[in-house]
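A.B. asks: If it helps, the file is called upload.txt and holds compact mmCIF, C-alpha atoms and all ligand atoms:
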```
# COMPACT_ATOMS: atom_id res chain seq x y z
CA MET B 1 3.95 57.17 27.04
CA SER B 2 6.12 55.71 24.30
CA GLU B 3 4.44 54.53 21.12
CA LYS B 4 3.79 50.80 20.83
CA ARG B 5 6.04 49.04 18.32
CA HIS B 6 5.22 46.03 16.18
CA ALA B 7 7.58 43.28 15.04
CA VAL B 8 7.93 42.92 11.29
CA ALA B 9 9.80 40.49 9.04
CA ILE B 10 9.89 41.71 5.45
CA GLU B 11 11.90 40.27 2.57
CA VAL B 12 13.65 43.24 0.98
CA ASN B 13 15.62 42.64 -2.20
CA GLY B 14 15.95 38.97 -1.36
CA VAL B 15 17.01 39.36 2.28
CA THR B 16 14.65 39.04 5.25
CA ARG B 17 14.84 42.21 7.33
CA THR B 18 13.36 42.31 10.80
CA GLY B 19 12.60 45.14 13.12
CA GLU B 20 10.08 46.78 15.41
CA VAL B 21 8.11 49.66 13.96
CA PRO B 22 5.45 52.09 15.14
CA ALA B 23 2.06 51.35 13.57
CA ARG B 24 2.06 54.69 11.73
CA LEU B 25 5.52 54.42 10.16
CA SER B 26 5.20 54.44 6.37
CA LEU B 27 6.93 51.77 4.34
CA VAL B 28 9.01 54.39 2.51
CA ASP B 29 10.25 55.86 5.79
CA TRP B 30 11.18 52.42 7.05
CA LEU B 31 13.08 51.63 3.83
CA ARG B 32 14.91 54.96 3.76
CA ASP B 33 15.45 55.73 7.44
CA GLU B 34 15.86 52.27 8.99
CA LEU B 35 17.35 50.26 6.12
CA ARG B 36 19.12 53.23 4.47
CA LEU B 37 17.74 52.20 1.06
CA THR B 38 17.55 55.80 -0.09
CA GLY B 39 17.10 54.97 -3.77
CA THR B 40 13.35 55.08 -3.19
CA HIS B 41 12.41 58.75 -3.29
CA ILE B 42 9.72 60.73 -1.50
CA GLY B 43 7.91 63.32 -3.57
CA CYS B 44 4.30 64.18 -2.84
CA GLU B 45 3.68 61.76 0.07
CA HIS B 46 0.07 61.31 -0.95
CA GLY B 47 0.09 58.82 -3.79
CA ILE B 48 0.29 61.14 -6.79
CA CYS B 49 3.86 61.27 -8.11
CA GLY B 50 5.05 57.65 -8.03
CA ALA B 51 8.58 58.56 -6.88
CA CYS B 52 8.20 56.20 -3.92
CA SER B 53 7.19 53.17 -6.01
CA VAL B 54 8.46 49.77 -4.93
CA MET B 55 7.25 46.30 -5.79
CA LEU B 56 5.24 44.37 -3.24
CA ASP B 57 5.13 40.69 -4.15
CA GLY B 58 5.95 41.75 -7.71
CA GLU B 59 3.30 44.46 -8.06
CA PRO B 60 4.18 48.17 -8.07
CA VAL B 61 2.81 50.05 -5.04
CA ARG B 62 3.19 53.51 -3.54
CA SER B 63 5.33 53.02 -0.45
CA CYS B 64 4.21 56.42 0.93
CA LEU B 65 0.66 55.09 1.13
CA MET B 66 1.53 51.88 2.97
CA PHE B 67 2.51 51.35 6.55
CA ALA B 68 5.56 49.22 7.16
CA VAL B 69 3.43 46.85 9.25
CA GLN B 70 1.28 46.16 6.18
CA ALA B 71 4.33 44.74 4.41
CA ASP B 72 4.98 42.25 7.20
CA GLY B 73 5.43 38.79 5.67
CA HIS B 74 5.63 40.18 2.14
CA ARG B 75 8.36 40.61 -0.46
CA VAL B 76 9.52 44.12 -1.31
CA THR B 77 11.78 45.07 -4.21
CA THR B 78 13.31 48.53 -4.27
CA VAL B 79 15.28 50.15 -7.06
CA GLU B 80 18.47 48.84 -5.42
CA GLY B 81 17.13 45.33 -5.99
CA LEU B 82 16.88 45.81 -9.75
CA ALA B 83 20.64 45.75 -10.31
CA ASN B 84 22.45 42.60 -11.42
CA PRO B 85 23.73 40.37 -8.59
CA ASP B 86 27.25 41.80 -9.06
CA GLY B 87 25.92 45.34 -8.60
CA THR B 88 26.20 46.37 -12.23
CA PRO B 89 23.15 48.04 -13.83
CA SER B 90 20.50 45.76 -15.24
CA VAL B 91 19.61 45.93 -18.93
CA LEU B 92 16.69 48.19 -18.02
CA GLN B 93 18.81 50.52 -15.89
CA ASP B 94 21.50 50.63 -18.55
CA SER B 95 18.89 51.39 -21.21
CA PHE B 96 17.78 54.45 -19.21
CA CYS B 97 21.39 55.67 -19.39
CA GLU B 98 21.72 54.91 -23.09
CA THR B 99 18.60 56.84 -24.09
CA HIS B 100 19.17 59.73 -21.66
CA ALA B 101 15.91 58.89 -19.90
CA LEU B 102 16.71 60.99 -16.84
CA GLN B 103 17.69 64.52 -16.08
CA CYS B 104 17.38 65.36 -12.37
CA GLY B 105 16.72 61.68 -11.67
CA TYR B 106 14.12 62.27 -9.00
CA CYS B 107 11.42 60.23 -10.74
CA THR B 108 13.83 57.59 -12.01
CA PRO B 109 13.57 54.97 -9.22
CA GLY B 110 9.78 54.97 -9.52
CA MET B 111 9.95 54.86 -13.32
CA LEU B 112 12.34 51.90 -13.16
CA ILE B 113 10.05 50.05 -10.78
CA ALA B 114 7.02 50.67 -13.01
CA ALA B 115 8.99 49.59 -16.09
CA GLN B 116 10.39 46.48 -14.43
CA ALA B 117 6.94 45.42 -13.24
CA LEU B 118 5.70 45.80 -16.82
CA LEU B 119 8.57 43.82 -18.35
CA ASP B 120 8.14 41.08 -15.74
CA ALA B 121 4.46 40.75 -16.65
CA VAL B 122 4.71 41.50 -20.39
CA PRO B 123 8.27 40.95 -21.62
CA GLN B 124 7.50 42.39 -25.06
CA PRO B 125 4.99 45.17 -24.51
CA THR B 126 3.52 47.51 -27.08
CA GLU B 127 4.21 51.24 -26.90
CA ALA B 128 0.66 51.75 -25.59
CA GLN B 129 1.32 49.26 -22.78
CA ILE B 130 4.57 51.07 -21.91
CA ARG B 131 2.82 54.45 -21.75
CA ASP B 132 0.05 52.95 -19.65
CA ALA B 133 2.54 51.33 -17.23
CA ILE B 134 4.32 54.61 -16.47
CA GLY B 135 1.12 56.66 -16.59
CA GLY B 136 0.99 56.95 -12.82
CA ASN B 137 4.53 58.29 -12.47
CA LEU B 138 5.27 61.97 -12.88
CA CYS B 139 8.43 63.39 -14.46
CA ARG B 140 9.03 67.13 -14.51
CA CYS B 141 12.11 67.03 -16.74
CA THR B 142 12.16 64.65 -19.65
CA GLY B 143 8.83 65.01 -21.42
CA TYR B 144 8.56 61.21 -21.04
CA GLN B 145 9.63 60.32 -24.61
CA GLN B 146 13.12 59.20 -23.62
CA ILE B 147 11.67 57.11 -20.81
CA VAL B 148 9.39 55.35 -23.29
CA ASP B 149 12.38 54.92 -25.60
CA ALA B 150 14.42 53.41 -22.74
CA ILE B 151 11.78 50.79 -22.02
CA LYS B 152 11.45 49.93 -25.72
CA HIS B 153 15.23 49.65 -25.97
CA ALA B 154 15.36 47.41 -22.90
CA ALA B 155 12.62 45.16 -24.31
CA ALA B 156 14.52 44.84 -27.60
CA ARG B 157 17.82 44.08 -25.84
CA LEU B 158 16.16 41.46 -23.63
CA ALA B 159 14.53 39.86 -26.69
CA ARG B 160 17.90 39.69 -28.40
CA LYS B 161 19.37 37.94 -25.35
CA THR B 162 16.63 35.31 -25.30
CA GLY B 163 16.30 34.97 -29.08
CA SER B 164 12.66 36.09 -29.02
CA GLU B 165 10.72 38.54 -31.17
CA SER B 166 10.37 42.16 -30.11
CA ASN B 167 8.06 44.97 -31.17
CA PHE B 168 11.09 47.27 -31.22
CA GLU B 169 14.64 47.52 -32.56
CA ALA B 170 17.50 47.97 -30.13
CA LEU B 171 19.08 51.36 -30.70
S1 LIG Z 201 5.78 60.14 -2.68
FE1 LIG Z 201 4.46 58.45 -2.87
S2 LIG Z 201 3.30 58.85 -4.65
FE2 LIG Z 201 4.48 60.65 -4.36
S1 LIG Z 202 14.14 63.28 -14.58
FE1 LIG Z 202 13.59 64.95 -13.27
S2 LIG Z 202 11.60 64.40 -12.61
FE2 LIG Z 202 12.05 62.93 -14.11
```
Before anything else, please render the file you have as structure tokens.
C.D. replies:
Amino acid sequence: MSEKRHAVAIEVNGVTRTGEVPARLSLVDWLRDELRLTGTHIGCEHGICGACSVMLDGEPVRSCLMFAVQADGHRVTTVEGLANPDGTPSVLQDSFCETHALQCGYCTPGMLIAAQALLDAVPQPTEAQIRDAIGGNLCRCTGYQQIVDAIKHAAARLARKTGSESNFEAL
């Protein structure tokens, strides 16, 4: 007997995507395999590493721990959705490049999602808030310092653009 499928309509990076999914299909598998949004990575598949992080209605979530059907009617942002509308890297993404905040890059999509969620909620965070925001994301390569530096640098650049005060100097 074939598995029952369920209709979903999920806004992904600003576009409503529809489909029919098995109840047990994870959100990350739907994003990667059905929508071909392969920027979201799969690491541990049990909620530990954060590589699969996406935003659900603006909050970072583990997409390996959610079923696609649970996202029905919600808004999902993947790492692809963080770029500028013309496809160029956002200030945050560019700051990761400028501070060498990635080596193998496996953790990077999840780190960017965690960082973007922080900057959306707290545009000028403290270093402690930055470390706390990425505390649930594992990186095996960088030692984390350059990732913290990237987020500080992005906050400073964004403050400069808006003429506001920052806790940090742009590099
Ligand atoms: S793959 Fe989801 S937390 Fe590791
Ligand atoms: S850059 Fe390799 S895991 Fe973070």
A.B. asks: Rounded to one decimal place, report the CA of Val21 (chain B)-CA of Arg5 (chain B) distance in Å.
C.D. replies: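 It comes out at 4.9 Å.
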A.B. asks: Just how far from atom S2 of ligand LIG 202 (chain Z) is CA of Leu35 (chain B), in Å to one decimal?
C.D. replies: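 Separating CA of Leu35 (chain B) from atom S2 of ligand LIG 202 (chain Z) is a distance of 24.2 Å.
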A.B. asks: Looking at all atoms listed in the file, which of B:Leu25, B:Ile147, B:Ala117, B:Leu138 is the one that sits closest to ligand LIG 201 (chain Z)?
C.D. replies: B:Leu138
A.B. asks: Take atom FE1 of ligand LIG 202 (chain Z) and CA of Gln129 (chain B) and report the distance between them in Å, one decimal.
C.D. replies: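 It comes out at 22.1 Å.
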A.B. asks: Which residue is closest to Gly58 (chain B)? Choose from B:Gln70, B:Gln116, B:Ser26, B:Asn84 and count all atoms listed in the file.
C.D. replies: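 Selected residue with least distance to Gly58 (chain B): B:Gln116.
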A.B. asks: With a distance cut-off of 12 Å and only C-alpha atoms, select the neighbouring residues of His74 (chain B), excluding the residue or stretch itself and same-chain residues fewer than 5 positions from it, and output the selection as a ChimeraX atom specification.
C.D. replies: /B:8-18,27,55-59,68-69
A.B. asks: I need the residues from that last selection saved to file as a PDB file, keeping the file's coordinate frame (with C-alpha atoms), if you can.
C.D. replies:
```pdb
ATOM      1  CA  VAL B   8       7.930  42.920  11.290  1.00  0.00           C
ATOM      2  CA  ALA B   9       9.800  40.490   9.040  1.00  0.00           C
ATOM      3  CA  ILE B  10       9.890  41.710   5.450  1.00  0.00           C
ATOM      4  CA  GLU B  11      11.900  40.270   2.570  1.00  0.00           C
ATOM      5  CA  VAL B  12      13.650  43.240   0.980  1.00  0.00           C
ATOM      6  CA  ASN B  13      15.620  42.640  -2.200  1.00  0.00           C
ATOM      7  CA  GLY B  14      15.950  38.970  -1.360  1.00  0.00           C
ATOM      8  CA  VAL B  15      17.010  39.360   2.280  1.00  0.00           C
ATOM      9  CA  THR B  16      14.650  39.040   5.250  1.00  0.00           C
ATOM     10  CA  ARG B  17      14.840  42.210   7.330  1.00  0.00           C
ATOM     11  CA  THR B  18      13.360  42.310  10.800  1.00  0.00           C
ATOM     12  CA  LEU B  27       6.930  51.770   4.340  1.00  0.00           C
ATOM     13  CA  MET B  55       7.250  46.300  -5.790  1.00  0.00           C
ATOM     14  CA  LEU B  56       5.240  44.370  -3.240  1.00  0.00           C
ATOM     15  CA  ASP B  57       5.130  40.690  -4.150  1.00  0.00           C
ATOM     16  CA  GLY B  58       5.950  41.750  -7.710  1.00  0.00           C
ATOM     17  CA  GLU B  59       3.300  44.460  -8.060  1.00  0.00           C
ATOM     18  CA  ALA B  68       5.560  49.220   7.160  1.00  0.00           C
ATOM     19  CA  VAL B  69       3.430  46.850   9.250  1.00  0.00           C
TER      20      VAL B  69
END
```
A.B. asks: Can you tell me, as AutoDock Vina command-line options, the centre and edge lengths (Å, one decimal) of the axis-aligned box enclosing all of ligand LIG 202 (chain Z)'s listed atoms after padding each side by 3 Å?
C.D. replies:
```
--center_x 12.9 --center_y 63.9 --center_z -13.6 --size_x 8.5 --size_y 8.0 --size_z 8.0
```
A.B. asks: Can I get the residues close to ligand LIG 202 (chain Z) as a VMD selection string, where close means within 7 Å and we count all atoms listed in the file?
C.D. replies: chain B and resid 102 to 108 138 to 142
A.B. asks: With all atoms listed in the file counted, collect every polymer residue having an atom within 8 Å of ligand LIG 201 (chain Z); state the result as a tab-separated table (two decimals) with C-alpha atoms, in the coordinates of the input.
C.D. replies:
```tsv
chain	number	residue	atom	x	y	z
B	41	HIS	CA	12.41	58.75	-3.29
B	42	ILE	CA	9.72	60.73	-1.50
B	43	GLY	CA	7.91	63.32	-3.57
B	44	CYS	CA	4.30	64.18	-2.84
B	45	GLU	CA	3.68	61.76	0.07
B	46	HIS	CA	0.07	61.31	-0.95
B	47	GLY	CA	0.09	58.82	-3.79
B	48	ILE	CA	0.29	61.14	-6.79
B	49	CYS	CA	3.86	61.27	-8.11
B	50	GLY	CA	5.05	57.65	-8.03
B	51	ALA	CA	8.58	58.56	-6.88
B	52	CYS	CA	8.20	56.20	-3.92
B	53	SER	CA	7.19	53.17	-6.01
B	62	ARG	CA	3.19	53.51	-3.54
B	63	SER	CA	5.33	53.02	-0.45
B	64	CYS	CA	4.21	56.42	0.93
B	65	LEU	CA	0.66	55.09	1.13
B	137	ASN	CA	4.53	58.29	-12.47
```
A.B. asks: Check the smallest atom-to-atom distance from each of B:Arg24, B:His6, B:Arg157, B:Arg32 to Ser95 (chain B) using only C-alpha atoms, then report the winner.
C.D. replies: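 Nearest candidate to Ser95 (chain B) out of B:Arg24, B:His6, B:Arg157, B:Arg32: B:Arg157.
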A.B. asks: Determine the nearest neighbour of Ala155 (chain B) from the options B:Cys97, B:Ile134, B:Leu92, B:Leu82, counting only C-alpha atoms.
C.D. replies: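 Closest to Ala155 (chain B), using only C-alpha atoms: B:Leu92.
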A.B. asks: Excluding Asp94 (chain B) and its own-chain neighbours fewer than 3 positions away, which residues fall within 10 Å of it when counting only C-alpha atoms? Please give them as an MDAnalysis selection string.
C.D. replies: chainID B and resid 83 88:91 97:100 150 153:154
A.B. asks: Please produce an output containing C-alpha atoms for each residue in the selection, written as a PDB file, keeping the file's coordinate frame.
C.D. replies:
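That gives us part22.pdb:
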```pdb
ATOM      1  CA  ALA B  83      20.640  45.750 -10.310  1.00  0.00           C
ATOM      2  CA  THR B  88      26.200  46.370 -12.230  1.00  0.00           C
ATOM      3  CA  PRO B  89      23.150  48.040 -13.830  1.00  0.00           C
ATOM      4  CA  SER B  90      20.500  45.760 -15.240  1.00  0.00           C
ATOM      5  CA  VAL B  91      19.610  45.930 -18.930  1.00  0.00           C
ATOM      6  CA  CYS B  97      21.390  55.670 -19.390  1.00  0.00           C
ATOM      7  CA  GLU B  98      21.720  54.910 -23.090  1.00  0.00           C
ATOM      8  CA  THR B  99      18.600  56.840 -24.090  1.00  0.00           C
ATOM      9  CA  HIS B 100      19.170  59.730 -21.660  1.00  0.00           C
ATOM     10  CA  ALA B 150      14.420  53.410 -22.740  1.00  0.00           C
ATOM     11  CA  HIS B 153      15.230  49.650 -25.970  1.00  0.00           C
ATOM     12  CA  ALA B 154      15.360  47.410 -22.900  1.00  0.00           C
TER      13      ALA B 154
END
```
A.B. asks: Find, counting all atoms listed in the file, the residue in B:Leu37, B:Ala115, B:Ala133, B:Ala7 that gets nearest to Asp72 (chain B).
C.D. replies: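 Nearest to Asp72 (chain B): B:Ala7.
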A.B. asks: Identify the residues within 7 Å of coordinate (10.1, 40.3, -24.4) (same frame as the file), considering all atoms listed in the file, and give the answer as a list in words.
C.D. replies: Val122, Pro123, Gln124, Ala155, Leu158, Ala159, Ser164 and Ser166 of chain B
A.B. asks: Atoms are missing here; could region 71-94 of chain B be completed with N, CA, C and O atoms and written as an mmCIF file, keeping the file's coordinate frame?
C.D. replies:
```
data_model
loop_
_atom_site.group_PDB
_atom_site.id
_atom_site.type_symbol
_atom_site.label_atom_id
_atom_site.label_comp_id
_atom_site.auth_asym_id
_atom_site.auth_seq_id
_atom_site.Cartn_x
_atom_site.Cartn_y
_atom_site.Cartn_z
ATOM 1 N N ALA B 71 3.434 45.549 5.245
ATOM 2 C CA ALA B 71 4.330 44.740 4.410
ATOM 3 C C ALA B 71 4.872 43.528 5.151
ATOM 4 O O ALA B 71 5.625 42.737 4.571
ATOM 5 N N ASP B 72 4.495 43.390 6.413
ATOM 6 C CA ASP B 72 4.980 42.250 7.200
ATOM 7 C C ASP B 72 4.645 40.936 6.486
ATOM 8 O O ASP B 72 3.490 40.721 6.090
ATOM 9 N N GLY B 73 5.650 40.090 6.314
ATOM 10 C CA GLY B 73 5.430 38.790 5.670
ATOM 11 C C GLY B 73 5.421 38.836 4.164
ATOM 12 O O GLY B 73 5.201 37.818 3.511
ATOM 13 N N HIS B 74 5.655 40.038 3.599
ATOM 14 C CA HIS B 74 5.630 40.180 2.140
ATOM 15 C C HIS B 74 7.037 40.390 1.585
ATOM 16 O O HIS B 74 8.010 40.512 2.322
ATOM 17 N N ARG B 75 7.102 40.463 0.260
ATOM 18 C CA ARG B 75 8.360 40.610 -0.460
ATOM 19 C C ARG B 75 8.380 41.980 -1.105
ATOM 20 O O ARG B 75 7.487 42.325 -1.892
ATOM 21 N N VAL B 76 9.392 42.771 -0.766
ATOM 22 C CA VAL B 76 9.520 44.120 -1.310
ATOM 23 C C VAL B 76 10.767 44.184 -2.188
ATOM 24 O O VAL B 76 11.826 43.670 -1.826
ATOM 25 N N THR B 77 10.609 44.804 -3.357
ATOM 26 C CA THR B 77 11.780 45.070 -4.210
ATOM 27 C C THR B 77 11.885 46.574 -4.392
ATOM 28 O O THR B 77 10.931 47.231 -4.818
ATOM 29 N N THR B 78 13.038 47.112 -4.052
ATOM 30 C CA THR B 78 13.310 48.530 -4.270
ATOM 31 C C THR B 78 14.204 48.679 -5.499
ATOM 32 O O THR B 78 14.692 47.691 -6.054
ATOM 33 N N VAL B 79 14.447 49.926 -5.877
ATOM 34 C CA VAL B 79 15.280 50.150 -7.060
ATOM 35 C C VAL B 79 16.668 49.522 -6.886
ATOM 36 O O VAL B 79 17.273 49.051 -7.857
ATOM 37 N N GLU B 80 17.160 49.467 -5.645
ATOM 38 C CA GLU B 80 18.470 48.840 -5.420
ATOM 39 C C GLU B 80 18.440 47.366 -5.802
ATOM 40 O O GLU B 80 19.466 46.800 -6.193
ATOM 41 N N GLY B 81 17.261 46.754 -5.692
ATOM 42 C CA GLY B 81 17.130 45.330 -5.990
ATOM 43 C C GLY B 81 17.010 45.020 -7.466
ATOM 44 O O GLY B 81 16.935 43.852 -7.851
ATOM 45 N N LEU B 82 16.987 46.056 -8.310
ATOM 46 C CA LEU B 82 16.880 45.810 -9.750
ATOM 47 C C LEU B 82 18.235 45.564 -10.409
ATOM 48 O O LEU B 82 18.297 45.083 -11.538
ATOM 49 N N ALA B 83 19.303 45.919 -9.727
ATOM 50 C CA ALA B 83 20.640 45.750 -10.310
ATOM 51 C C ALA B 83 20.975 44.260 -10.468
ATOM 52 O O ALA B 83 20.348 43.400 -9.847
ATOM 53 N N ASN B 84 21.961 43.972 -11.298
ATOM 54 C CA ASN B 84 22.450 42.600 -11.420
ATOM 55 C C ASN B 84 23.066 42.164 -10.092
ATOM 56 O O ASN B 84 23.464 43.008 -9.277
ATOM 57 N N PRO B 85 23.185 40.841 -9.865
ATOM 58 C CA PRO B 85 23.730 40.370 -8.590
ATOM 59 C C PRO B 85 25.132 40.932 -8.282
ATOM 60 O O PRO B 85 25.486 41.108 -7.117
ATOM 61 N N ASP B 86 25.901 41.247 -9.322
ATOM 62 C CA ASP B 86 27.250 41.800 -9.060
ATOM 63 C C ASP B 86 27.232 43.314 -8.877
ATOM 64 O O ASP B 86 28.288 43.944 -8.797
ATOM 65 N N GLY B 87 26.029 43.900 -8.848
ATOM 66 C CA GLY B 87 25.920 45.340 -8.600
ATOM 67 C C GLY B 87 25.953 46.193 -9.848
ATOM 68 O O GLY B 87 25.734 47.404 -9.767
ATOM 69 N N THR B 88 26.217 45.597 -10.994
ATOM 70 C CA THR B 88 26.200 46.370 -12.230
ATOM 71 C C THR B 88 24.750 46.656 -12.632
ATOM 72 O O THR B 88 23.836 45.933 -12.227
ATOM 73 N N PRO B 89 24.530 47.714 -13.440
ATOM 74 C CA PRO B 89 23.150 48.040 -13.830
ATOM 75 C C PRO B 89 22.514 46.931 -14.648
ATOM 76 O O PRO B 89 23.184 46.295 -15.469
ATOM 77 N N SER B 90 21.232 46.727 -14.421
ATOM 78 C CA SER B 90 20.500 45.760 -15.240
ATOM 79 C C SER B 90 20.338 46.312 -16.653
ATOM 80 O O SER B 90 20.619 47.492 -16.917
ATOM 81 N N VAL B 91 19.862 45.472 -17.554
ATOM 82 C CA VAL B 91 19.610 45.930 -18.930
ATOM 83 C C VAL B 91 18.662 47.133 -18.913
ATOM 84 O O VAL B 91 18.866 48.121 -19.624
ATOM 85 N N LEU B 92 17.640 47.071 -18.085
ATOM 86 C CA LEU B 92 16.690 48.190 -18.020
ATOM 87 C C LEU B 92 17.375 49.460 -17.518
ATOM 88 O O LEU B 92 17.219 50.541 -18.100
ATOM 89 N N GLN B 93 18.115 49.339 -16.433
ATOM 90 C CA GLN B 93 18.810 50.520 -15.890
ATOM 91 C C GLN B 93 19.798 51.084 -16.913
ATOM 92 O O GLN B 93 19.877 52.300 -17.117
ATOM 93 N N ASP B 94 20.525 50.195 -17.551
ATOM 94 C CA ASP B 94 21.500 50.630 -18.550
ATOM 95 C C ASP B 94 20.808 51.304 -19.739
ATOM 96 O O ASP B 94 21.309 52.279 -20.301
#
```
